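K.L.:
Input entry_19.csv, format and content: CSV, C-alpha atoms.
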chain,number,residue,atom,x,y,z
A,1,GLU,CA,-7.6,-6.5,18.3
A,2,ASP,CA,-6.5,-7.8,14.9
A,3,GLN,CA,-3.1,-9.5,15.0
A,4,VAL,CA,-0.8,-10.5,12.1
A,5,THR,CA,2.3,-12.5,12.5
A,6,GLN,CA,4.7,-13.2,9.7
A,7,SER,CA,7.4,-15.8,9.6
A,8,PRO,CA,10.3,-16.1,9.1
A,9,GLU,CA,11.6,-12.6,9.6
A,10,ALA,CA,14.2,-13.1,7.0
A,11,LEU,CA,14.8,-15.7,4.2
A,12,ARG,CA,17.8,-16.1,2.1
A,13,LEU,CA,17.4,-18.2,-1.0
A,14,GLN,CA,19.5,-19.3,-3.9
A,15,GLU,CA,18.2,-18.4,-7.3
A,16,GLY,CA,15.7,-21.2,-8.3
A,17,GLU,CA,15.2,-22.4,-4.8
A,18,SER,CA,11.5,-22.3,-4.1
A,19,SER,CA,10.1,-21.5,-0.7
A,20,SER,CA,7.1,-20.2,1.2
A,21,LEU,CA,6.3,-17.3,3.6
A,22,ASN,CA,3.8,-17.6,6.3
A,23,CYS,CA,1.2,-15.1,7.6
A,24,SER,CA,-0.8,-16.1,10.6
A,25,TYR,CA,-3.7,-13.9,11.6
A,26,THR,CA,-6.4,-13.3,14.2
A,27,VAL,CA,-9.3,-11.1,13.2
A,28,SER,CA,-12.9,-10.8,14.1
A,29,GLY,CA,-14.4,-11.7,10.8
A,30,LEU,CA,-12.1,-11.5,7.8
A,31,ARG,CA,-13.1,-9.2,5.0
A,32,GLY,CA,-9.8,-9.6,3.1
A,33,LEU,CA,-6.1,-10.5,3.4
A,34,PHE,CA,-3.6,-8.5,1.4
A,35,TRP,CA,-0.1,-9.1,0.3
A,36,TYR,CA,2.3,-6.3,-0.6
A,37,ARG,CA,5.9,-6.1,-1.8
A,38,GLN,CA,8.2,-3.4,-0.5
A,39,ASP,CA,11.5,-2.6,-2.0
A,40,PRO,CA,14.1,-0.5,0.0
A,41,GLY,CA,13.3,3.2,-0.1
A,42,LYS,CA,9.9,2.7,-1.8
A,43,GLY,CA,6.3,2.4,-0.7
A,44,PRO,CA,4.5,-1.0,-0.5
A,45,GLU,CA,3.3,-2.3,-3.8
A,46,PHE,CA,0.0,-4.1,-3.9
A,47,LEU,CA,0.2,-7.8,-5.0
A,48,PHE,CA,-2.9,-9.8,-4.1
A,49,THR,CA,-6.2,-9.7,-2.1
A,50,LEU,CA,-7.7,-13.0,-0.8
A,51,TYR,CA,-11.2,-13.0,0.5
A,52,SER,CA,-12.1,-16.6,1.5
A,53,ALA,CA,-10.5,-19.8,2.7
A,54,GLY,CA,-9.4,-21.9,-0.2
A,55,GLU,CA,-8.8,-19.0,-2.5
A,56,GLU,CA,-5.6,-18.8,-4.5
A,57,LYS,CA,-4.1,-16.1,-6.7
A,58,GLU,CA,-1.0,-16.1,-8.8
A,59,LYS,CA,1.3,-13.5,-10.4
A,60,GLU,CA,4.4,-14.6,-12.2
A,61,ARG,CA,6.5,-16.6,-9.7
A,62,LEU,CA,4.3,-15.7,-6.7
A,63,LYS,CA,1.2,-17.7,-5.5
A,64,ALA,CA,-0.8,-16.7,-2.5
A,65,THR,CA,-3.2,-19.1,-0.6
A,66,LEU,CA,-5.6,-18.6,2.3
A,67,THR,CA,-6.9,-20.8,5.1
A,68,LYS,CA,-9.1,-19.7,8.0
A,69,LYS,CA,-6.0,-19.0,10.2
A,70,GLU,CA,-3.1,-18.3,7.8
A,71,SER,CA,-1.9,-17.4,4.4
A,72,PHE,CA,1.1,-18.5,2.5
A,73,LEU,CA,3.0,-16.7,-0.2
A,74,HIS,CA,4.8,-19.3,-2.4
A,75,ILE,CA,7.8,-18.2,-4.4
A,76,THR,CA,8.6,-20.6,-7.2
A,77,ALA,CA,12.0,-20.6,-8.8
A,78,PRO,CA,12.9,-17.1,-7.5
A,79,LYS,CA,15.1,-14.7,-9.2
A,80,PRO,CA,17.3,-11.9,-7.7
A,81,GLU,CA,14.6,-9.4,-8.7
A,82,ASP,CA,12.2,-11.1,-6.3
A,83,SER,CA,14.4,-9.8,-3.4
A,84,ALA,CA,12.2,-7.5,-1.3
A,85,THR,CA,10.2,-7.3,2.0
A,86,TYR,CA,6.8,-9.0,1.7
A,87,LEU,CA,4.1,-7.6,3.9
A,88,CYS,CA,0.8,-9.2,4.9
A,89,ALA,CA,-2.2,-7.3,6.1
A,90,VAL,CA,-5.7,-8.1,7.2
A,91,GLN,CA,-9.0,-6.2,7.0
A,92,ALA,CA,-11.8,-7.0,9.4
A,93,ALA,CA,-15.3,-7.3,8.2
A,94,GLN,CA,-16.6,-4.6,10.6
A,95,ASN,CA,-14.7,-1.8,8.9
A,96,ASP,CA,-14.0,-1.0,5.3
A,97,TYR,CA,-10.7,0.7,5.5
A,98,LYS,CA,-8.3,-0.3,8.3
A,99,LEU,CA,-5.4,-2.6,7.3
A,100,SER,CA,-3.5,-4.3,10.1
A,101,PHE,CA,0.0,-5.1,8.9
A,102,GLY,CA,2.5,-7.7,9.9
A,103,ALA,CA,6.2,-6.9,10.4
A,104,GLY,CA,7.1,-8.5,7.0
A,105,THR,CA,9.5,-11.1,5.7
A,106,THR,CA,12.6,-9.9,4.0
A,107,VAL,CA,13.6,-12.2,1.1
A,108,THR,CA,17.0,-12.1,-0.4
A,109,VAL,CA,17.6,-14.2,-3.5
A,110,ARG,CA,21.2,-14.8,-4.5
A,111,ALA,CA,22.3,-15.4,-8.1
B,1,ASP,CA,-1.6,6.8,-15.0
B,2,ALA,CA,0.3,8.5,-12.2
B,3,GLY,CA,0.4,6.8,-8.8
B,4,VAL,CA,0.2,8.5,-5.5
B,5,ILE,CA,2.5,11.5,-5.3
B,6,GLN,CA,4.2,12.6,-2.2
B,7,SER,CA,6.5,15.5,-1.4
B,8,PRO,CA,9.1,16.1,-0.2
B,9,ARG,CA,10.8,12.7,-0.5
B,10,HIS,CA,13.3,13.6,2.2
B,11,GLU,CA,13.0,16.2,5.0
B,12,VAL,CA,15.6,17.0,7.6
B,13,THR,CA,14.6,19.5,10.3
B,14,GLU,CA,15.5,20.5,13.8
B,15,MET,CA,13.5,19.8,16.9
B,16,GLY,CA,10.7,22.3,17.4
B,17,GLN,CA,10.3,23.2,13.8
B,18,GLU,CA,7.0,22.8,11.8
B,19,VAL,CA,7.0,20.0,9.2
B,20,THR,CA,4.4,19.7,6.4
B,21,LEU,CA,4.1,16.6,4.3
B,22,ARG,CA,2.0,16.6,1.1
B,23,CYS,CA,0.1,14.0,-0.9
B,24,LYS,CA,-1.8,13.8,-4.1
B,25,PRO,CA,-3.9,10.7,-4.3
B,26,ILE,CA,-4.7,8.7,-7.5
B,27,SER,CA,-7.4,10.5,-9.5
B,28,GLY,CA,-10.8,9.0,-8.8
B,29,HIS,CA,-9.9,7.4,-5.5
B,30,ASN,CA,-12.2,8.5,-2.7
B,31,SER,CA,-10.3,7.2,0.3
B,32,LEU,CA,-6.9,8.5,1.6
B,33,PHE,CA,-4.7,7.2,4.3
B,34,TRP,CA,-1.6,8.5,6.1
B,35,TYR,CA,0.7,5.9,7.6
B,36,ARG,CA,4.0,6.0,9.5
B,37,GLN,CA,6.6,3.2,9.2
B,38,THR,CA,9.4,2.6,11.7
B,39,MET,CA,11.6,-0.4,12.4
B,40,MET,CA,10.2,-0.8,15.9
B,41,ARG,CA,6.5,-0.5,15.1
B,42,GLY,CA,6.2,-1.3,11.4
B,43,LEU,CA,3.4,0.3,9.4
B,44,GLU,CA,0.8,2.2,11.5
B,45,LEU,CA,-2.3,4.0,10.3
B,46,LEU,CA,-2.4,7.6,11.4
B,47,ILE,CA,-5.6,8.9,9.8
B,48,TYR,CA,-8.2,7.9,7.2
B,49,PHE,CA,-10.2,10.3,5.0
B,50,ASN,CA,-13.3,9.3,3.0
B,51,ASN,CA,-14.5,11.8,0.4
B,52,ASN,CA,-12.3,14.5,2.0
B,53,VAL,CA,-13.8,14.0,5.5
B,54,PRO,CA,-11.6,12.6,8.3
B,55,ILE,CA,-13.2,9.4,9.5
B,56,ASP,CA,-10.7,7.9,11.9
B,57,ASP,CA,-7.8,9.8,13.5
B,58,SER,CA,-7.3,7.5,16.4
B,59,GLY,CA,-3.8,6.7,15.2
B,60,MET,CA,-2.6,10.3,15.3
B,61,PRO,CA,-0.1,10.1,18.2
B,62,GLU,CA,-0.5,13.5,19.7
B,63,ASP,CA,-2.0,16.9,19.2
B,64,ARG,CA,1.2,17.9,17.6
B,65,PHE,CA,0.0,16.0,14.5
B,66,SER,CA,-2.8,17.3,12.3
B,67,ALA,CA,-4.0,16.4,8.8
B,68,LYS,CA,-6.2,18.1,6.3
B,69,MET,CA,-7.8,17.2,2.9
B,70,PRO,CA,-9.1,20.5,1.4
B,71,ASN,CA,-10.1,18.7,-1.8
B,72,ALA,CA,-10.1,15.4,-3.6
B,73,SER,CA,-6.6,15.8,-5.0
B,74,PHE,CA,-4.6,17.1,-2.1
B,75,SER,CA,-3.8,16.3,1.5
B,76,THR,CA,-1.3,17.5,4.1
B,77,LEU,CA,0.1,16.0,7.3
B,78,LYS,CA,1.6,18.6,9.7
B,79,ILE,CA,3.7,18.1,12.7
B,80,GLN,CA,4.2,21.1,15.0
B,81,PRO,CA,6.4,21.2,16.9
B,82,SER,CA,8.5,18.3,15.6
B,83,GLU,CA,10.5,16.0,17.9
B,84,PRO,CA,13.3,13.5,17.3
B,85,ARG,CA,10.9,10.6,18.0
B,86,ASP,CA,8.8,11.7,15.0
B,87,SER,CA,11.7,10.5,12.7
B,88,ALA,CA,10.2,7.8,10.4
B,89,VAL,CA,9.0,7.3,6.9
B,90,TYR,CA,5.5,8.7,6.3
B,91,PHE,CA,3.4,7.1,3.5
B,92,CYS,CA,0.2,8.3,1.9
B,93,ALA,CA,-2.1,5.8,0.3
B,94,SER,CA,-5.4,6.0,-1.6
B,95,SER,CA,-8.1,3.5,-2.4
B,96,PRO,CA,-11.0,3.5,-4.9
B,97,LEU,CA,-14.6,3.1,-3.9
B,98,THR,CA,-15.0,-0.3,-5.7
B,99,THR,CA,-12.3,-2.2,-3.9
B,100,TYR,CA,-10.5,-2.2,-0.5
B,101,GLU,CA,-7.0,-2.3,-2.0
B,102,GLN,CA,-4.7,0.6,-0.9
B,103,TYR,CA,-2.1,2.0,-3.2
B,104,PHE,CA,0.9,3.6,-1.6
B,105,GLY,CA,3.0,6.6,-2.5
B,106,PRO,CA,6.9,6.5,-2.4
B,107,GLY,CA,6.9,8.0,1.1
B,108,THR,CA,8.6,10.9,2.8
B,109,ARG,CA,11.6,10.1,5.0
B,110,LEU,CA,11.6,12.5,7.9
B,111,THR,CA,14.6,13.1,10.1
B,112,VAL,CA,14.2,15.4,13.2
B,113,THR,CA,17.5,16.3,14.8
Do you think you could lay out the structure here as structure tokens?

P.N.:
Amino acid sequence: EDQVTQSPEALRLQEGESSSLNCSYTVSGLRGLFWYRQDPGKGPEFLFTLYSAGEEKEKERLKATLTKKESFLHITAPKPEDSATYLCAVQAAQNDYKLSFGAGTTVTVRA
Amino acid sequence: DAGVIQSPRHEVTEMGQEVTLRCKPISGHNSLFWYRQTMMRGLELLIYFNNNVPIDDSGMPEDRFSAKMPNASFSTLKIQPSEPRDSAVYFCASSPLTTYEQYFGPGTRLTVT
């Protein structure tokens, strides 16, 4: 069974204080690893898909990286508007639809 | 372009009542998913449709839950009878044929008293 573990559960940052979120996964053949952002009272918002080890993707202050066992979401010089819960999900190669989600990391950025 | 649309946004009902949640996927997307999110269990896939056909309903918790997709632009998730443990946020998501990315709606917060 696919497993996704995110750490830490919560992260409190000062504005401008860069940090990283971790997503460790176990899957029988990875098709893709997905990062989502979820604001309170809203649905998850798609951020990135990573397909192979060594791949990196960036969007504004966010950068996602992937190895064979884990992914990192780096937040550079965060702003209060980056406060959200960040969810990681994996999709196994043997299916083309099922996403297995982690519990998420809740990031709070103080001004 | 409109995203995934869900209604109602909030639903409060009494135990034993029937509840129907509605979803309109993004136009052109051929896959549709229903998820449930709770603090205890996180995001769980309930059912997956491809081209309006249910492919995987193994996540549907009990026979009290049923889902339909009569056409490419509409799906329903029904709970009958509802129980307090069904209280959760229910999300609908859709995905295009060309990628595996899923796009989520705003969710329906269901409270069963």

K.L.:
Considering all atoms listed in the file, extract the chain B residues located within 8 Å of chain A and return them as a compact mmCIF listing (two decimals) with C-alpha atoms, in the frame of the given file.

P.N.:
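Okay, this is what ended up in result-v2.txt:
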# COMPACT_ATOMS: atom_id res chain seq x y z
CA ARG B 41 6.50 -0.50 15.10
CA GLY B 42 6.20 -1.30 11.40
CA LEU B 43 3.40 0.30 9.40
CA GLU B 44 0.80 2.20 11.50
CA LEU B 45 -2.30 4.00 10.30
CA TYR B 48 -8.20 7.90 7.20
CA PHE B 91 3.40 7.10 3.50
CA TYR B 100 -10.50 -2.20 -0.50
CA GLU B 101 -7.00 -2.30 -2.00
CA GLN B 102 -4.70 0.60 -0.90
CA TYR B 103 -2.10 2.00 -3.20
CA PHE B 104 0.90 3.60 -1.60
CA GLY B 105 3.00 6.60 -2.50
CA PRO B 106 6.90 6.50 -2.40
CA GLY B 107 6.90 8.00 1.10

K.L.:
With only C-alpha atoms as the counted atoms, please give the residues lying no more than 8 Å from Val19 (chain B), apart from itself and same-chain residues fewer than 5 positions off, as a PyMOL selection string.

P.N.:
chain B and resi 13+78-82

K.L.:
Given the selection you just returned, output its residues as a file containing C-alpha atoms, formatted as a PDB file, in the frame of the given file.

P.N.:
ATOM      1  CA  THR B  13      14.600  19.500  10.300  1.00  0.00           C
ATOM      2  CA  LYS B  78       1.600  18.600   9.700  1.00  0.00           C
ATOM      3  CA  ILE B  79       3.700  18.100  12.700  1.00  0.00           C
ATOM      4  CA  GLN B  80       4.200  21.100  15.000  1.00  0.00           C
ATOM      5  CA  PRO B  81       6.400  21.200  16.900  1.00  0.00           C
ATOM      6  CA  SER B  82       8.500  18.300  15.600  1.00  0.00           C
TER       7      SER B  82
END

K.L.:
One decimal, Å: what's the distance from CA of Glu11 (chain B) over to CA of Glu9 (chain A), could you say?

P.N.:
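Value for the CA of Glu11 (chain B)-CA of Glu9 (chain A) distance: 29.2 Å.
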
K.L.:
For Ile26 (chain B), which residue out of B:Leu110, B:Ala72, B:Leu46, B:Val4 is the nearest one, using all atoms listed in the file?

P.N.:
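For Ile26 (chain B), the nearest of the given residues is B:Val4.
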
K.L.:
Which residue gives the smallest distance to Thr106 (chain A) among A:Leu62, A:Ala10, A:Leu21, A:Cys88, with only C-alpha atoms counted?

P.N.:
A:Ala10

K.L.:
Please identify all polymer residues within 12 Å of Ile55 (chain B), counting all atoms listed in the file, omitting same-chain residues fewer than 2 positions from it, and present them as a list in words.

P.N.:
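Using all atoms listed in the file, the neighbours found are Asn95, Asp96, Tyr97 and Lys98 of chain A; Ser31, Leu32, Phe33, Leu46, Ile47, Tyr48, Phe49, Asn50, Asn51, Asn52, Val53, Asp57, Ser58, Gly59, Ala67, Lys68 and Met69 of chain B.
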
K.L.:
Calculate how many Å separate CA of Thr65 (chain A) from CA of Ser20 (chain A), rounding to one decimal.

P.N.:
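Straight-line distance from CA of Thr65 (chain A) to CA of Ser20 (chain A) works out to 10.5 Å.
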
K.L.:
Report, in Å to a single decimal, how far apart CA of Arg110 (chain A) and CA of Leu11 (chain A) are.

P.N.:
10.8 Å

K.L.:
Can you list, as a list in words, every protein, DNA or RNA residue that comes within 8 Å of region 67-77 of chain A when you count all atoms listed in the file, leaving out same-chain residues fewer than 2 positions away?

P.N.:
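Residues meeting the cut-off are Glu15, Gly16, Glu17, Ser18, Ser19, Ser20, Leu21, Asn22, Cys23, Ser24, Tyr25, Thr26, Ser52, Ala53, Gly54, Arg61, Leu62, Lys63, Ala64, Thr65 and Lys79 of chain A.
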
K.L.:
Just checking: using only C-alpha atoms, which residue out of B:Cys23, B:Glu18, B:Gln37, B:Phe74 ends up closest to Ser87 (chain B)?

P.N.:
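Result for the nearest residue to Ser87 (chain B): B:Gln37.
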
K.L.:
Which one is closest to Leu77 (chain B): B:Asp56, B:Trp34, B:Gln6, B:Gly16? Count only C-alpha atoms.

P.N.:
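Between B:Asp56, B:Trp34, B:Gln6, B:Gly16, the residue approaching Leu77 (chain B) most closely is B:Trp34.
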